[in-house]
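Chemist: Just so it is clear, I am handing over work13.cif, which has mmCIF, C-alpha atoms.
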data_structure
#
loop_
_atom_site.label_atom_id
_atom_site.label_comp_id
_atom_site.auth_asym_id
_atom_site.auth_seq_id
_atom_site.Cartn_x
_atom_site.Cartn_y
_atom_site.Cartn_z
CA MET K 249 125.69 60.56 -175.40
CA SER K 250 126.06 62.55 -172.15
CA SER K 251 122.87 62.84 -170.11
CA TYR K 252 122.03 65.40 -167.42
CA LYS K 253 119.16 66.18 -165.05
CA ILE K 254 118.25 69.87 -164.90
CA ALA K 255 116.03 71.28 -162.15
CA VAL K 256 113.93 74.10 -163.61
CA ILE K 257 112.43 76.87 -161.47
CA ARG K 258 110.52 79.28 -163.69
CA GLY K 259 109.53 81.57 -160.82
CA ASP K 260 107.46 84.74 -161.04
CA GLY K 261 106.79 87.63 -163.40
CA ILE K 262 108.76 87.22 -166.62
CA GLY K 263 110.47 84.13 -165.19
CA PRO K 264 108.37 81.56 -167.09
CA GLU K 265 108.93 83.41 -170.40
CA ILE K 266 112.68 83.79 -170.17
CA VAL K 267 113.23 80.28 -168.81
CA GLY K 268 111.12 78.89 -171.63
CA ALA K 269 113.32 80.76 -174.11
CA ALA K 270 116.49 79.42 -172.51
CA ILE K 271 115.20 75.85 -172.62
CA GLU K 272 114.47 76.15 -176.34
CA VAL K 273 118.03 77.33 -176.95
CA LEU K 274 119.43 74.63 -174.66
CA ASN K 275 117.52 71.95 -176.56
CA LYS K 276 118.91 73.19 -179.86
CA ALA K 277 122.48 73.21 -178.52
CA ALA K 278 121.99 69.76 -176.97
CA SER K 279 120.75 68.26 -180.25
CA MET K 280 123.72 69.75 -182.13
CA CYS K 281 126.29 68.56 -179.58
CA GLY K 282 124.97 65.10 -178.75
CA ILE K 283 123.75 65.92 -175.25
CA SER K 284 120.61 64.63 -173.52
CA LEU K 285 118.89 67.00 -171.07
CA GLU K 286 116.08 65.90 -168.73
CA TYR K 287 114.12 68.74 -167.14
CA ARG K 288 112.22 68.54 -163.88
CA GLU K 289 110.08 71.51 -162.83
CA TYR K 290 109.83 72.86 -159.29
CA LEU K 291 108.20 75.81 -157.52
CA ALA K 292 110.00 78.59 -155.65
CA GLY K 293 109.30 82.22 -154.85
CA GLY K 294 105.92 83.88 -155.03
CA CYS K 295 104.27 81.11 -157.01
CA ALA K 296 105.34 78.65 -154.30
CA ILE K 297 103.84 80.90 -151.62
CA ASP K 298 100.55 80.94 -153.53
CA SER K 299 100.61 77.17 -154.04
CA CYS K 300 102.25 75.85 -150.86
CA GLY K 301 102.29 78.74 -148.41
CA ILE K 302 106.10 78.91 -148.28
CA PRO K 303 108.70 80.31 -150.73
CA LEU K 304 110.89 77.19 -150.84
CA PRO K 305 109.09 73.84 -150.52
CA ILE K 306 111.24 70.95 -149.32
CA GLU K 307 110.43 69.12 -152.57
CA THR K 308 112.12 71.91 -154.50
CA LEU K 309 115.30 71.90 -152.43
CA GLU K 310 115.56 68.11 -152.51
CA GLY K 311 114.89 68.05 -156.25
CA CYS K 312 117.63 70.61 -156.83
CA LYS K 313 120.08 68.62 -154.71
CA ALA K 314 119.37 65.54 -156.85
CA SER K 315 119.99 67.37 -160.13
CA ASP K 316 123.17 68.15 -162.06
CA ALA K 317 122.31 71.86 -162.26
CA VAL K 318 119.50 74.32 -161.54
CA LEU K 319 118.09 76.85 -164.03
CA LEU K 320 116.08 79.64 -162.42
CA GLY K 321 114.15 82.58 -163.86
CA ALA K 322 113.29 85.23 -161.28
CA VAL K 323 111.27 85.43 -158.07
CA GLY K 324 109.24 88.04 -156.26
CA GLY K 325 107.01 90.98 -157.08
CA PRO K 326 104.80 93.60 -155.40
CA LYS K 327 102.04 91.00 -154.96
CA TRP K 328 104.01 89.56 -152.05
CA ASP K 329 105.38 92.82 -150.57
CA ASN K 330 103.30 92.48 -147.42
CA VAL K 331 104.19 88.86 -146.72
CA GLU K 332 105.92 88.27 -143.37
CA PRO K 333 109.68 88.86 -143.95
CA SER K 334 110.80 85.29 -143.26
CA ARG K 335 108.36 84.02 -145.90
CA ARG K 336 108.99 86.55 -148.66
CA PRO K 337 109.75 85.18 -152.17
CA GLU K 338 113.40 86.26 -151.96
CA ARG K 339 113.93 83.86 -149.06
CA ALA K 340 113.75 81.09 -151.66
CA LEU K 341 117.01 82.34 -153.19
CA LEU K 342 118.77 82.48 -149.84
CA GLY K 343 117.44 79.03 -148.98
CA LEU K 344 118.62 77.54 -152.26
CA ARG K 345 122.07 79.06 -151.92
CA SER K 346 122.56 77.90 -148.35
CA GLY K 347 120.84 74.56 -148.90
CA LEU K 348 122.99 73.72 -151.90
CA GLY K 349 126.16 75.12 -150.31
CA LEU K 350 126.65 77.71 -153.05
CA PHE K 351 129.18 80.22 -151.78
CA SER K 352 130.41 81.79 -155.01
CA ASN K 353 128.43 83.91 -157.46
CA LEU K 354 130.08 84.65 -160.80
CA ARG K 355 128.63 87.65 -162.63
CA PRO K 356 130.27 88.50 -165.96
CA ALA K 357 129.62 92.00 -167.33
CA ILE K 358 130.63 92.21 -170.99
CA MET K 359 130.16 95.18 -173.29
CA PHE K 360 128.92 94.19 -176.73
CA ARG K 361 130.30 96.96 -178.93
CA GLU K 362 127.06 97.01 -180.93
CA LEU K 363 125.21 97.95 -177.73
CA SER K 364 127.46 100.85 -176.76
CA SER K 365 124.69 103.30 -177.67
CA ALA K 366 122.50 101.66 -174.98
CA SER K 367 125.13 102.36 -172.30
CA PRO K 368 124.70 105.54 -170.23
CA LEU K 369 128.43 106.16 -170.71
CA LYS K 370 129.63 108.09 -173.76
CA ASP K 371 132.48 105.68 -174.43
CA PRO K 372 132.48 102.65 -172.10
CA GLY K 373 135.33 100.98 -174.00
CA ASP K 374 135.95 97.24 -174.07
CA VAL K 375 134.34 96.23 -170.81
CA ASP K 376 134.86 92.60 -169.75
CA ILE K 377 134.52 92.29 -165.98
CA LEU K 378 133.99 89.19 -163.88
CA ILE K 379 132.47 89.97 -160.48
CA VAL K 380 132.99 87.23 -157.89
CA ARG K 381 130.45 87.72 -155.10
CA GLU K 382 130.47 85.81 -151.82
CA LEU K 383 127.02 84.29 -151.35
CA THR K 384 126.46 82.70 -147.96
CA GLY K 385 127.93 85.12 -145.42
CA GLY K 386 127.64 88.76 -144.50
CA MET K 387 124.62 90.83 -143.61
CA TYR K 388 122.13 88.80 -145.63
CA PHE K 389 122.76 85.77 -143.43
CA GLY K 390 123.74 87.45 -140.16
CA GLU K 391 121.69 87.85 -137.01
CA ASN K 392 118.89 90.37 -137.38
CA GLY K 393 115.94 91.64 -135.41
CA SER K 394 114.25 94.66 -133.88
CA TYR K 395 113.25 95.99 -130.46
CA GLU K 396 111.71 99.06 -128.86
CA SER K 397 113.92 101.61 -127.12
CA SER K 398 112.92 104.57 -124.95
CA ASP K 399 116.43 106.05 -125.14
CA ILE K 400 116.69 109.68 -126.16
CA LEU K 401 118.80 110.94 -129.07
CA SER K 402 120.96 114.08 -128.80
CA ASP K 403 118.18 116.29 -130.18
CA GLY K 404 115.59 114.92 -127.77
CA THR K 405 113.96 112.47 -130.18
CA VAL K 406 112.92 109.10 -128.72
CA LYS K 407 114.60 106.19 -130.52
CA GLY K 408 111.46 104.05 -130.72
CA GLU K 409 111.83 100.90 -132.82
CA VAL K 410 115.45 99.81 -133.46
CA ALA K 411 116.27 97.32 -136.23
CA PHE K 412 119.60 95.60 -136.75
CA ASP K 413 121.30 93.37 -139.35
CA THR K 414 124.67 91.88 -138.45
CA GLU K 415 127.61 91.67 -140.87
CA SER K 416 129.71 88.60 -140.02
CA TYR K 417 132.44 86.75 -141.93
CA SER K 418 134.76 83.94 -140.95
CA GLU K 419 138.30 83.52 -142.22
CA GLY K 420 137.28 80.28 -143.92
CA GLU K 421 134.39 81.89 -145.81
CA ILE K 422 136.70 84.64 -147.05
CA ARG K 423 139.58 82.33 -147.89
CA ARG K 424 137.62 80.03 -150.21
CA ILE K 425 136.06 82.87 -152.24
CA VAL K 426 139.26 84.92 -152.51
CA LYS K 427 141.26 81.85 -153.56
CA GLN K 428 138.72 81.14 -156.28
CA ALA K 429 138.96 84.76 -157.46
CA PHE K 430 142.75 84.45 -157.75
CA GLU K 431 142.33 81.25 -159.76
CA LEU K 432 139.87 82.96 -162.11
CA ALA K 433 142.18 85.94 -162.50
CA MET K 434 145.00 83.58 -163.50
CA GLY K 435 142.87 82.45 -166.44
CA ARG K 436 142.10 86.00 -167.54
CA ASN K 437 144.25 89.15 -167.42
CA LYS K 438 145.81 88.45 -164.00
CA LYS K 439 144.25 91.51 -162.36
CA LEU K 440 142.21 91.20 -159.17
CA THR K 441 140.46 93.97 -157.25
CA LEU K 442 139.13 93.41 -153.73
CA VAL K 443 136.23 95.75 -152.97
CA ASP K 444 135.54 96.46 -149.30
CA LYS K 445 135.09 99.20 -146.69
CA ALA K 446 138.18 98.50 -144.62
CA ASN K 447 138.39 102.06 -143.30
CA VAL K 448 135.18 101.42 -141.34
CA LEU K 449 134.34 97.69 -141.16
CA ARG K 450 136.21 95.10 -139.11
CA THR K 451 135.00 92.39 -141.49
CA SER K 452 136.59 94.23 -144.43
CA ARG K 453 139.92 94.38 -142.63
CA LEU K 454 139.76 90.60 -142.26
CA TRP K 455 139.08 90.32 -146.01
CA ARG K 456 142.24 92.34 -146.70
CA SER K 457 144.34 90.33 -144.29
CA VAL K 458 143.30 87.02 -145.88
CA ALA K 459 143.75 88.36 -149.42
CA ASN K 460 147.27 89.59 -148.64
CA GLU K 461 148.15 86.15 -147.32
CA ILE K 462 146.75 84.31 -150.38
CA ARG K 463 148.42 86.64 -152.88
CA ARG K 464 151.80 85.06 -152.00
CA ASP K 465 150.66 81.91 -153.83
CA TYR K 466 149.77 83.92 -156.95
CA PRO K 467 152.72 86.23 -157.66
CA GLU K 468 151.59 86.67 -161.27
CA VAL K 469 148.31 88.27 -160.24
CA SER K 470 148.21 92.00 -159.56
CA LEU K 471 146.03 92.64 -156.47
CA ASP K 472 144.63 96.03 -155.57
CA PHE K 473 142.05 97.25 -153.06
CA LEU K 474 139.18 99.72 -153.48
CA TYR K 475 136.63 101.00 -151.00
CA VAL K 476 133.16 100.21 -152.28
CA ASP K 477 132.15 103.87 -152.65
CA ASN K 478 135.30 104.55 -154.69
CA CYS K 479 134.69 101.42 -156.75
CA THR K 480 131.21 102.56 -157.76
CA MET K 481 132.77 105.77 -159.11
CA GLN K 482 135.67 104.01 -160.83
CA LEU K 483 133.29 101.58 -162.56
CA ILE K 484 131.73 104.58 -164.25
CA SER K 485 134.91 106.53 -165.02
CA ARG K 486 137.14 103.62 -166.13
CA PRO K 487 135.12 100.37 -166.47
CA SER K 488 137.44 98.85 -169.04
CA SER K 489 140.34 98.87 -166.55
CA PHE K 490 138.75 96.20 -164.34
CA ASP K 491 139.26 92.46 -164.83
CA VAL K 492 138.16 90.34 -161.82
CA ILE K 493 136.44 91.90 -158.81
CA VAL K 494 135.94 89.92 -155.59
CA THR K 495 133.76 91.22 -152.80
CA SER K 496 131.26 90.48 -150.07
CA ASN K 497 127.64 89.48 -150.48
CA MET K 498 126.01 92.89 -150.16
CA PHE K 499 128.69 94.88 -152.01
CA GLY K 500 128.63 92.35 -154.85
CA ASP K 501 124.86 92.63 -155.10
CA ILE K 502 125.12 96.38 -155.60
CA ILE K 503 128.10 96.78 -157.92
CA SER K 504 127.08 93.95 -160.25
CA ASP K 505 123.80 95.76 -160.95
CA GLU K 506 125.79 98.92 -161.66
CA ALA K 507 128.04 97.00 -164.03
CA GLY K 508 124.95 95.68 -165.80
CA GLU K 509 123.69 99.18 -166.48
CA ILE K 510 127.10 100.23 -167.80
CA THR K 511 127.05 97.42 -170.38
CA GLY K 512 123.70 98.58 -171.77
CA SER K 513 121.08 96.60 -169.89
CA ILE K 514 120.78 94.41 -166.84
CA GLY K 515 118.81 92.18 -169.19
CA MET K 516 122.12 91.05 -170.69
CA LEU K 517 123.80 89.80 -167.50
CA PRO K 518 123.85 86.09 -166.57
CA SER K 519 125.16 84.56 -163.37
CA ALA K 520 126.39 81.28 -161.92
CA SER K 521 126.23 80.33 -158.25
CA LEU K 522 128.72 77.58 -157.44
CA GLY K 523 129.77 75.49 -154.47
CA ALA K 524 132.20 72.65 -153.90
CA PRO K 525 133.02 70.37 -156.88
CA GLY K 526 130.14 68.00 -157.51
CA THR K 527 127.55 70.40 -156.09
CA PRO K 528 124.79 71.36 -158.56
CA GLY K 529 125.21 74.99 -159.54
CA LEU K 530 122.38 77.53 -159.75
CA PHE K 531 122.15 79.60 -162.94
CA GLU K 532 119.96 82.68 -163.31
CA PRO K 533 119.86 86.17 -164.80
CA ILE K 534 120.73 88.89 -162.30
CA HIS K 535 117.64 90.97 -163.08
CA GLY K 536 114.34 90.74 -161.24
CA SER K 537 110.94 89.37 -162.14
CA ALA K 538 109.69 92.57 -163.84
CA PRO K 539 105.99 91.79 -163.30
CA ASP K 540 105.03 95.03 -165.06
CA ILE K 541 106.09 93.59 -168.43
CA ALA K 542 105.17 89.94 -167.82
CA GLY K 543 103.22 88.56 -170.75
CA THR K 544 103.87 91.56 -172.99
CA GLY K 545 106.76 90.07 -174.97
CA LYS K 546 109.09 92.88 -173.86
CA ALA K 547 111.37 90.71 -171.70
CA ASN K 548 114.94 90.26 -172.88
CA PRO K 549 115.72 86.52 -172.72
CA LEU K 550 119.46 86.88 -173.39
CA ALA K 551 120.61 87.00 -169.75
CA THR K 552 118.82 83.72 -169.09
CA ILE K 553 120.07 82.19 -172.33
CA LEU K 554 123.62 83.19 -171.39
CA SER K 555 123.03 81.77 -167.89
CA ALA K 556 122.14 78.47 -169.59
CA ALA K 557 125.45 78.67 -171.44
CA MET K 558 127.24 79.20 -168.13
CA MET K 559 125.44 76.11 -166.82
CA LEU K 560 126.76 74.05 -169.70
CA ARG K 561 130.28 75.34 -169.09
CA TRP K 562 130.57 75.46 -165.29
CA SER K 563 128.35 72.61 -164.05
CA LEU K 564 128.09 70.19 -166.96
CA GLY K 565 131.52 70.63 -168.54
CA GLU K 566 129.97 70.92 -172.02
CA ARG K 567 132.14 73.73 -173.34
CA ALA K 568 131.37 73.21 -177.03
CA ALA K 569 127.65 73.65 -176.40
CA ALA K 570 128.32 76.70 -174.22
CA ASP K 571 130.49 78.25 -176.94
CA LEU K 572 127.76 77.56 -179.49
CA ILE K 573 125.15 79.48 -177.50
CA GLU K 574 127.43 82.39 -176.63
CA SER K 575 128.51 82.72 -180.25
CA ALA K 576 124.87 82.70 -181.40
CA VAL K 577 124.00 85.50 -178.96
CA ARG K 578 126.90 87.59 -180.30
CA LYS K 579 125.76 86.95 -183.88
CA ALA K 580 122.18 87.93 -183.06
CA ILE K 581 123.34 91.19 -181.47
CA SER K 582 125.70 91.84 -184.38
CA ALA K 583 122.85 91.24 -186.84
CA GLY K 584 120.89 94.03 -185.14
CA TYR K 585 118.24 92.16 -183.14
CA ARG K 586 117.10 94.29 -180.21
CA THR K 587 114.53 93.84 -177.45
CA PRO K 588 113.16 97.12 -176.00
CA ASP K 589 115.75 97.37 -173.20
CA ILE K 590 118.70 97.42 -175.63
CA MET K 591 117.26 99.56 -178.41
CA GLY K 592 119.49 102.38 -179.49
CA ASN K 593 119.49 104.75 -182.42
CA GLY K 594 121.15 102.45 -184.95
CA SER K 595 119.64 102.37 -188.42
CA GLY K 596 120.28 98.65 -188.75
CA GLU K 597 118.37 97.63 -185.64
CA ILE K 598 115.65 95.00 -185.81
CA HIS K 599 113.23 95.59 -182.96
CA VAL K 600 111.89 92.27 -181.68
CA ASP K 601 109.96 90.72 -178.81
CA THR K 602 110.97 87.84 -176.54
CA ARG K 603 109.80 85.21 -179.02
CA ALA K 604 111.63 86.72 -181.99
CA MET K 605 114.88 87.21 -180.06
CA THR K 606 114.80 83.56 -179.03
CA ASP K 607 114.20 82.53 -182.66
CA ALA K 608 117.08 84.77 -183.76
CA VAL K 609 119.53 83.07 -181.37
CA ILE K 610 118.41 79.62 -182.54
CA LEU K 611 118.75 80.71 -186.15
CA MET K 612 122.30 81.95 -185.52
CA MET K 613 123.26 78.58 -184.08
CA ASN K 614 122.94 77.17 -187.57
CA LYS K 615 125.31 79.74 -189.09
#
Go ahead and express the file in the form of structure tokens.
Modeler:
Amino acid sequence: MSSYKIAVIRGDGIGPEIVGAAIEVLNKAASMCGISLEYREYLAGGCAIDSCGIPLPIETLEGCKASDAVLLGAVGGPKWDNVEPSRRPERALLGLRSGLGLFSNLRPAIMFRELSSASPLKDPGDVDILIVRELTGGMYFGENGSYESSDILSDGTVKGEVAFDTESYSEGEIRRIVKQAFELAMGRNKKLTLVDKANVLRTSRLWRSVANEIRRDYPEVSLDFLYVDNCTMQLISRPSSFDVIVTSNMFGDIISDEAGEITGSIGMLPSASLGAPGTPGLFEPIHGSAPDIAGTGKANPLATILSAAMMLRWSLGERAAADLIESAVRKAISAGYRTPDIMGNGSGEIHVDTRAMTDAVILMMNK
């Protein structure tokens, strides 16, 4: 029997509910596939600030490093909006990513045909996009700060406070993420789109230069380039034409949320953050902590459940268990089970809460 240590960070808002649901599903899959999972709980985000005064305690980071994979719910909320910026809950995510050396974020956006009525698009088509987002470079990790300026603008206005965030990328950071994107495209439909802003940004021009060099090693893959503003339009007008998208940290953050809305609900989108082989991956839904619905049973657990399936596949190498969970989610959707965020107008819909959707997925694992 294979045995694995899983670091669990439930987080804030709906985090504890959706992580609890994912663990129930994981335990069912593990029992059916002869896998042993040992969970160890850690604090991060707002709850860690309340308990320890900081968003990412050293015990959490060290515990995650010693695990085989990390399962995370969501962090943050308006309760901590006025916390000093360097100690905000979201800093826990950046600290985990950098501390674990996780440079690649995989965000699949798949359109379940039964949920097409929940999409804002009239006919989204067969959407199956894999967004590959660089995680440890760019503006989120660049130099930032603020200062006062008495300079005068052209209309006579005094500048006052000036804030800056620096976008910076090295060739090495770009090379490793773009190479991974080419590899992933080879296993799919051999189409890769690099999203950038090369008409304005020097960093984007470096992305293009590196991508054009790497493409020589992957002649079977079709590579095209889109400016990020054009990409956001094309995702709406022709989402089914995309296969693999690779992009920078900030652009990937934005377009993956857009892709989630196209597929019906951001509550359906999982993610995997990966580093070098042997590094524990971090698996989480891409949505936020939604504190306004915490404890109401309205949270959709499927993104977290699908993130757990990605954990089994990408970090633990347990593909049969991952397939089992993903198949059960499809069966539950096909059977009509719907949490509030994915309700449509279908006559066969079964409107359920978090608990009932979790039970439905577990039930479908037996079919």
Chemist: Output the residue selection produced by the PyMOL selection byres ((chain K and resi 429-434) around 9) on the file above, formatted as a VMD selection string.
Modeler: chain K and resid 378 to 380 424 to 428 435 to 440 462 to 463 466 468 to 469 471 491 to 494
Chemist: Could you state which residues are captured by the PyMOL selection byres ((chain K and resi 479) around 12) in this file, as an MDAnalysis selection string?
Modeler: chainID K and resid 441:445 472:478 480:487 489:490 493:495 499:500 502:504 506:507
Chemist: Leaving out stretch 255-266 of chain K and any residue of its chain fewer than 6 positions from it, which residues lie within 9 Å of it when counting only C-alpha atoms, given as JSON, numbers by chain?
Modeler: {"K": [286, 287, 288, 289, 290, 291, 292, 293, 294, 295, 296, 308, 311, 312, 313, 314, 315, 316, 317, 318, 319, 320, 321, 322, 323, 324, 325, 536, 537, 538, 539, 540, 541, 542, 543, 545, 547, 548, 549, 550, 551, 552, 553, 602, 603]}
Chemist: Write the residues you've just listed into a file as a short mmCIF file (atom, residue, chain, number, x, y, z; two decimals), in the coordinates of the input, and include C-alpha atoms for each of them.
Modeler:
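Produced file result_20.cif, reproduced below:
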data_model
loop_
_atom_site.label_atom_id
_atom_site.label_comp_id
_atom_site.auth_asym_id
_atom_site.auth_seq_id
_atom_site.Cartn_x
_atom_site.Cartn_y
_atom_site.Cartn_z
CA GLU K 286 116.08 65.90 -168.73
CA TYR K 287 114.12 68.74 -167.14
CA ARG K 288 112.22 68.54 -163.88
CA GLU K 289 110.08 71.51 -162.83
CA TYR K 290 109.83 72.86 -159.29
CA LEU K 291 108.20 75.81 -157.52
CA ALA K 292 110.00 78.59 -155.65
CA GLY K 293 109.30 82.22 -154.85
CA GLY K 294 105.92 83.88 -155.03
CA CYS K 295 104.27 81.11 -157.01
CA ALA K 296 105.34 78.65 -154.30
CA THR K 308 112.12 71.91 -154.50
CA GLY K 311 114.89 68.05 -156.25
CA CYS K 312 117.63 70.61 -156.83
CA LYS K 313 120.08 68.62 -154.71
CA ALA K 314 119.37 65.54 -156.85
CA SER K 315 119.99 67.37 -160.13
CA ASP K 316 123.17 68.15 -162.06
CA ALA K 317 122.31 71.86 -162.26
CA VAL K 318 119.50 74.32 -161.54
CA LEU K 319 118.09 76.85 -164.03
CA LEU K 320 116.08 79.64 -162.42
CA GLY K 321 114.15 82.58 -163.86
CA ALA K 322 113.29 85.23 -161.28
CA VAL K 323 111.27 85.43 -158.07
CA GLY K 324 109.24 88.04 -156.26
CA GLY K 325 107.01 90.98 -157.08
CA GLY K 536 114.34 90.74 -161.24
CA SER K 537 110.94 89.37 -162.14
CA ALA K 538 109.69 92.57 -163.84
CA PRO K 539 105.99 91.79 -163.30
CA ASP K 540 105.03 95.03 -165.06
CA ILE K 541 106.09 93.59 -168.43
CA ALA K 542 105.17 89.94 -167.82
CA GLY K 543 103.22 88.56 -170.75
CA GLY K 545 106.76 90.07 -174.97
CA ALA K 547 111.37 90.71 -171.70
CA ASN K 548 114.94 90.26 -172.88
CA PRO K 549 115.72 86.52 -172.72
CA LEU K 550 119.46 86.88 -173.39
CA ALA K 551 120.61 87.00 -169.75
CA THR K 552 118.82 83.72 -169.09
CA ILE K 553 120.07 82.19 -172.33
CA THR K 602 110.97 87.84 -176.54
CA ARG K 603 109.80 85.21 -179.02
#
Chemist: What is the atom CA of K:Asp571 to atom CA of K:Ala557 distance in Å?
Modeler: 7.5 Å
Chemist: Please provide the set of residues having any atom within 12 Å of K:Ser595, restricted to all atoms listed in the file, with same-chain residues fewer than 6 positions apart removed, written as number ranges by chain.
Modeler: K: 362, 365, 583-586
Chemist: Distance atom CA of K:Tyr388-atom CA of K:Ala340, one decimal place?
Modeler: 12.9 Å
Chemist: Which is closest to K:Leu354 among K:Ala569, K:Leu309, K:Leu383, K:Val458, if we use all atoms listed in the file?
Modeler: K:Leu383
Chemist: Between K:Ile271, K:Val331, K:Ile283, K:Ala278, which has the minimum distance to K:Gly301 (counting all atoms listed in the file)?
Modeler: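 Using all atoms listed in the file, K:Gly301 sits closest to K:Val331.
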Chemist: Using all atoms listed in the file for the distances, tell me which of K:Ile590, K:Ala556, K:Ala576, K:Ala270 is nearest to K:Val609.
Modeler: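 Of K:Ile590, K:Ala556, K:Ala576, K:Ala270, the one nearest K:Val609 is K:Ala576, counting all atoms listed in the file.
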Chemist: Dump as a ChimeraX atom specification all residues having an atom at most 7 Å from (126.4, 81.2, -148.1), computed in the file's coordinates with all atoms listed in the file.
Modeler: /K:345-346,349-351,383-385
Chemist: Check the smallest atom-to-atom distance from each of K:Ser250, K:Ser519, K:Ser575, K:Ser418 to K:Pro533 using only C-alpha atoms, then report the winner.
Modeler: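 Checking each candidate against K:Pro533, we get K:Ser519 as the closest.
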Chemist: Which residue gives the smallest distance to K:Arg381 among K:Arg336, K:Ser521, K:Glu461, K:Ile534, with only C-alpha atoms counted?
Modeler: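 Of K:Arg336, K:Ser521, K:Glu461, K:Ile534, the one nearest K:Arg381, counting only C-alpha atoms, is K:Ser521.
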Chemist: For this file, the PyMOL selection byres ((chain K and resi 566) around 12) selects which residues, as a PyMOL selection string?
Modeler: chain K and resi 249-252+274+277-278+280-285+556-565+567-573
Chemist: What is the distance, in Å and to one decimal place, between atom CA of K:Pro303 and atom CA of K:Pro337?
Modeler: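 Atom-to-atom, atom CA of K:Pro303 to atom CA of K:Pro337, that is 5.2 Å.
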Chemist: Would you kindly place N, CA and C atoms on stretch 361-378 of chain K and return the model as a compact mmCIF listing (two decimals), in the coordinates of the input?
Modeler:
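See result-v8.txt below for the written result:
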# COMPACT_ATOMS: atom_id res chain seq x y z
N ARG K 361 130.05 95.66 -178.29
CA ARG K 361 130.30 96.96 -178.93
C ARG K 361 129.08 97.49 -179.66
N GLU K 362 128.26 96.57 -180.20
CA GLU K 362 127.06 97.01 -180.93
C GLU K 362 126.03 97.63 -180.00
N LEU K 363 126.17 97.41 -178.69
CA LEU K 363 125.21 97.95 -177.73
C LEU K 363 125.74 99.18 -176.99
N SER K 364 126.85 99.72 -177.46
CA SER K 364 127.46 100.85 -176.76
C SER K 364 126.52 102.04 -176.69
N SER K 365 125.63 102.18 -177.68
CA SER K 365 124.69 103.30 -177.67
C SER K 365 123.65 103.14 -176.57
N ALA K 366 123.45 101.91 -176.06
CA ALA K 366 122.50 101.66 -174.98
C ALA K 366 123.12 101.92 -173.62
N SER K 367 124.45 102.09 -173.57
CA SER K 367 125.13 102.36 -172.30
C SER K 367 124.95 103.83 -171.93
N PRO K 368 124.79 104.14 -170.64
CA PRO K 368 124.70 105.54 -170.23
C PRO K 368 126.03 106.28 -170.34
N LEU K 369 127.12 105.54 -170.56
CA LEU K 369 128.43 106.16 -170.71
C LEU K 369 128.67 106.53 -172.17
N LYS K 370 129.35 107.65 -172.40
CA LYS K 370 129.63 108.09 -173.76
C LYS K 370 130.53 107.11 -174.50
N ASP K 371 131.56 106.64 -173.81
CA ASP K 371 132.48 105.68 -174.43
C ASP K 371 132.92 104.68 -173.38
N PRO K 372 132.14 103.60 -173.15
CA PRO K 372 132.48 102.65 -172.10
C PRO K 372 133.73 101.84 -172.38
N GLY K 373 134.15 101.75 -173.66
CA GLY K 373 135.33 100.98 -174.00
C GLY K 373 135.03 99.49 -174.02
N ASP K 374 136.09 98.70 -174.03
CA ASP K 374 135.95 97.24 -174.07
C ASP K 374 135.82 96.68 -172.66
N VAL K 375 134.60 96.68 -172.17
CA VAL K 375 134.34 96.23 -170.81
C VAL K 375 134.18 94.71 -170.79
N ASP K 376 134.96 94.05 -169.95
CA ASP K 376 134.86 92.60 -169.75
C ASP K 376 135.27 92.33 -168.30
N ILE K 377 134.28 92.41 -167.42
CA ILE K 377 134.52 92.29 -165.98
C ILE K 377 133.88 91.02 -165.46
N LEU K 378 134.58 90.33 -164.57
CA LEU K 378 133.99 89.19 -163.88
C LEU K 378 133.91 89.54 -162.40
